[in-house]
Amino acid sequence: MQLHFNFRLLQVFISKVIMEKYQFQISLSFSFITNIFIFLPLFLSLFHIAADEMYTSCAPFRCGDFTNITYPFWNLNTQSSYCGHPEFMVDCQNGRLTMEMMSQKFYILHINQSSQVLRIARDDLWGFLPGDKLSCPKHYINVKIDSHFFHYTSNNEMYTILYECGSLPNSYFSPSFQISFEVMDCYIEGKFNSVYIVSNSKLADFSAVKCENSIEVPGKYNSLPNKSSGMKDILVEGFEVRWNGVEEDRCHACTKYGGRCGYKREENAFMCLSKRSDTSKVPSRTWNWKKKLIVGVISTVLAALAVITSIYFYERHNINSRNLSLQPFRLDSQRISKSQNFGVEHFIFKDLYKATNNFDKKLGDGGSAEVFYGKLLDRREVAVKRFFKFGLNKEKLFLNEINILARTVHPNLVLLHGCTSLKSRRVLVVYEYVRNGSLDDHLHGDKATPNNLPWNIRMRIAVETAGALSHLHASNIVHRDIKTNNILLDAEYHAKVADFGFSRPFPDDQSRVFTNPRGTSGYVDPEYNGTHILSYKSDVFSFGVVLIELITSLRAHDRKRKDDEVNLYDMAINRIQNQTLHGIVDHTLGFDTDSKVRQMINGVAELAFRCLQSSCDMRPTMEVVLQCLKNLQDENEAPAVQVQMMK
């Protein structure tokens with residue numbers, strides 16, 4: 001009661017001060033200010049309720065025989081993403097726990113949270129026993145772990161599984177033969193194939209055996225006796241990895257006092273969650289009603305000062321906005337001034353407010369901004385981007401996009417008309433209006449109708465997009481978010497690459513930089529995502545996904561598909577390797593009826609396969625990609641493209 005009484009007295013006092021001092025200067029009413037103080041306790045209460053909900057939602061969870069699973073792990077199905085580290089998301093299905101690592105799916109067989117050790121097995125290899133009628137793996141890819149967060153324990157040894165091998169000499173089956181190996185069978189296209197598993201230390205002794213494919217897989221060392229009869233266990237018992245790099249010490253300190261560990265994704269930082277009712281459990285245990293009263297009064301005073309400060313800057317802001325209206329070509333930001341030297345036009349907020357008819361016709365939105373249609377006084381049709389909340393991160397995106405588009409001009413890059421000042425009421429960016437929406441709309445959205453995009457148009461879009469990216473790379477710029485939603489189509493269906501908020505300029509002498517991954521699921525280069533090393537070839541990978549979308553009209557990322565086909569690039573690589581891509585080609589394109597279309601689609605698929613290689617060193621440059629596409633478009637085989645791929 002005492003706390004609330006003091007709060008009301010302070011409210012009356014501050015309200016009087018505000019009215020006496022600012023009654024002729026501020027535009028906010030007394031009732032508005034009073035309401036702030038009346039509802040402030042409510043807001044604080046809601047904040048504590050939200051904190052309690054976060055604490056509760058991050059309780060330890062169970063899955064089958066696994067119990068008391070906590071940070072850094074978090075359950076995809078039952079918890080929010082802030083309950084664990086982004087790289088430790090797990091999925092619980094039918095009592096079986098799985099996680100993804102380096103685009104590979106693993107079963108979790110054992111968790112020891114105190115020693116931070118996992119025992120895992122790759123899902124397409126686990127349970128692969130002699131005598132079982134199982135299919136051979138769809139991809140002959142070595143087992144990989146994310147070295148940023150995991151490393152092998154000393155209980156492992158490396159083994160190789162050999163596929164599609166010739167016959168073994170009879171001497172290999174002699175009791176005197178000292179090499180431990182296991183013979184297994186798996187199906188490929190309905191036929192049995194012998195598979196051999198052998199220790200890497202003895203692999204040289206298998207050099208006489210000719211095998212087409214192989215997979216390296218770790219195995220738990222202690223479970224592998226020298227006799228061959230036990231080697232099957234490496235695929236059953238999995239292998240051990242130890243995790244680190246997730247601020248375990250801070251988490252231990254947090255849980256020691258009753259908190260629960262979490263992770264702020266937007267800040268890439270650890271956080272400790274606690275209930276309001278559990279404040280007695282935090283390190284400072286001497287809370288009493290006097291301290292609560294002091295903290296309450298101080299919080300109220302600080303809140304009042306924040307309101308007064310906000311009013312002051314609000315008025316300063318209005319004055320600046322009016323000054324800008326009187327001087328439309330004045331630049332209030334030194335950074336924007338530099339941009340204007342590149343030819344960026346300076347707009348006034350109120351003019352764009354009128355041009356967009358109070359922002360009433362939305363063209364689309366994304367993670368950081370929304371885009372509206374507008375018509376300027378000079379009759380130009382424009383697209384106006386308005387950021388949701390303009391903080392430091394949004395300012396970086398804004399300045400980055402202005403800087404890149406102001407100095408980079410290409411017929412297939414969206415044209416920047418200008419922007420408002422950083423001190424404007426709302427920061428806005430003005431682009432040319434691209435009438436036909438995005439390529440994504442025509443492939444997957446409300447404009448996706450049969451025969452809407454015939455193959456010759458899709459081929460032209462591919463060539464024009466590759467040309468824009470090649471130009472960016474020649475200008476030392478990596479786009480970093482190439483996807484069909486960022487490829488716009490004008491009235492004649494010509495491509496315009498857009499959205500440069502995540503783009504990254506490169507120094508002249510560097511082709512790779514270390515930076516946090518950015519982009520969209522299904523398009524992000526897995527190597528960049530795993531190593532945090534960005535290169536020009538990261539754009540090449542994303543463009544490879546776009547090529548597959550043009551061929552198939554399927555989404556780049558779709559959780560409705562099977563686990564190993566959620567990402568379109570996984571599906572495409574598998575189909576191309578097995579020469580079954582024709583099963584997912586969009587047959588409205590004429591693949592079955594037009595030999596020239598079939599030849600070009602096969603060529604584009606082979607080029608996409610090269611773009612989607614797991615190692616960036618194996619991918620072509622955008623310049624090479626562009627030339628290959630032009631050759632295909634001219635109905636000539638590009639030298640590096642094999643078109644005889646599918647029957």
# chains A, B, ... in the order shown; residues from 1 in each chain; ligands from 1
call {"tool": "residues_around", "arguments": {"residues": "A:Val195", "least_positions_apart": "6", "cutoff": "8 Å", "atoms": "only C-alpha atoms", "output": "MDAnalysis selection string"}}
result
chainID A and resid 161:165 183:186
call {"tool": "residues_around", "arguments": {"residues": "A:Gly374", "least_positions_apart": "4", "cutoff": "8 Å", "atoms": "only C-alpha atoms", "output": "list in words"}}
result
Leu352, Ala355, Thr356, Asn357, Glu381, Val382, Ala383 and Val384 of chain A
call {"tool": "select_by_dssp", "arguments": {"residues": "stretch 439-562 of chain A", "states": "strand (DSSP E or B)", "output": "MDAnalysis selection string"}}
result
chainID A and resid 477:478 487:489 495:497 504:505 512:514 533:535 557
call {"tool": "write_last_selection", "arguments": {"atoms": "C-alpha atoms", "output": "mmCIF file, in the first residue's frame"}}
result
data_model
loop_
_atom_site.group_PDB
_atom_site.id
_atom_site.type_symbol
_atom_site.label_atom_id
_atom_site.label_comp_id
_atom_site.auth_asym_id
_atom_site.auth_seq_id
_atom_site.Cartn_x
_atom_site.Cartn_y
_atom_site.Cartn_z
ATOM 1 C CA ILE A 477 29.600 -7.508 -53.366
ATOM 2 C CA VAL A 478 27.984 -10.718 -52.092
ATOM 3 C CA ILE A 487 13.806 -11.789 -57.682
ATOM 4 C CA LEU A 488 11.148 -9.371 -58.955
ATOM 5 C CA LEU A 489 9.522 -9.469 -62.394
ATOM 6 C CA ALA A 495 14.213 -10.151 -63.659
ATOM 7 C CA LYS A 496 15.142 -7.513 -61.067
ATOM 8 C CA VAL A 497 17.230 -8.676 -58.085
ATOM 9 C CA ARG A 504 28.269 -7.670 -47.883
ATOM 10 C CA PRO A 505 30.963 -5.648 -49.688
ATOM 11 C CA ARG A 512 36.265 -14.885 -48.078
ATOM 12 C CA VAL A 513 35.332 -13.251 -44.780
ATOM 13 C CA PHE A 514 34.323 -14.602 -41.374
ATOM 14 C CA ILE A 533 33.041 -18.232 -43.708
ATOM 15 C CA LEU A 534 31.252 -16.239 -46.410
ATOM 16 C CA SER A 535 32.433 -16.306 -50.019
ATOM 17 C CA HIS A 557 12.109 -25.443 -47.949
#
call {"tool": "residues_around", "arguments": {"residues": "A:Asp481", "least_positions_apart": "4", "cutoff": "8 Å", "atoms": "only C-alpha atoms", "output": "number ranges by chain"}}
result
A: 486, 499-500, 502-503, 518-520, 523-524, 539, 542
call {"tool": "atom_distance", "arguments": {"atom1": "atom CA of A:Val585", "atom2": "atom CA of A:Phe609"}}
result
14.5 Å
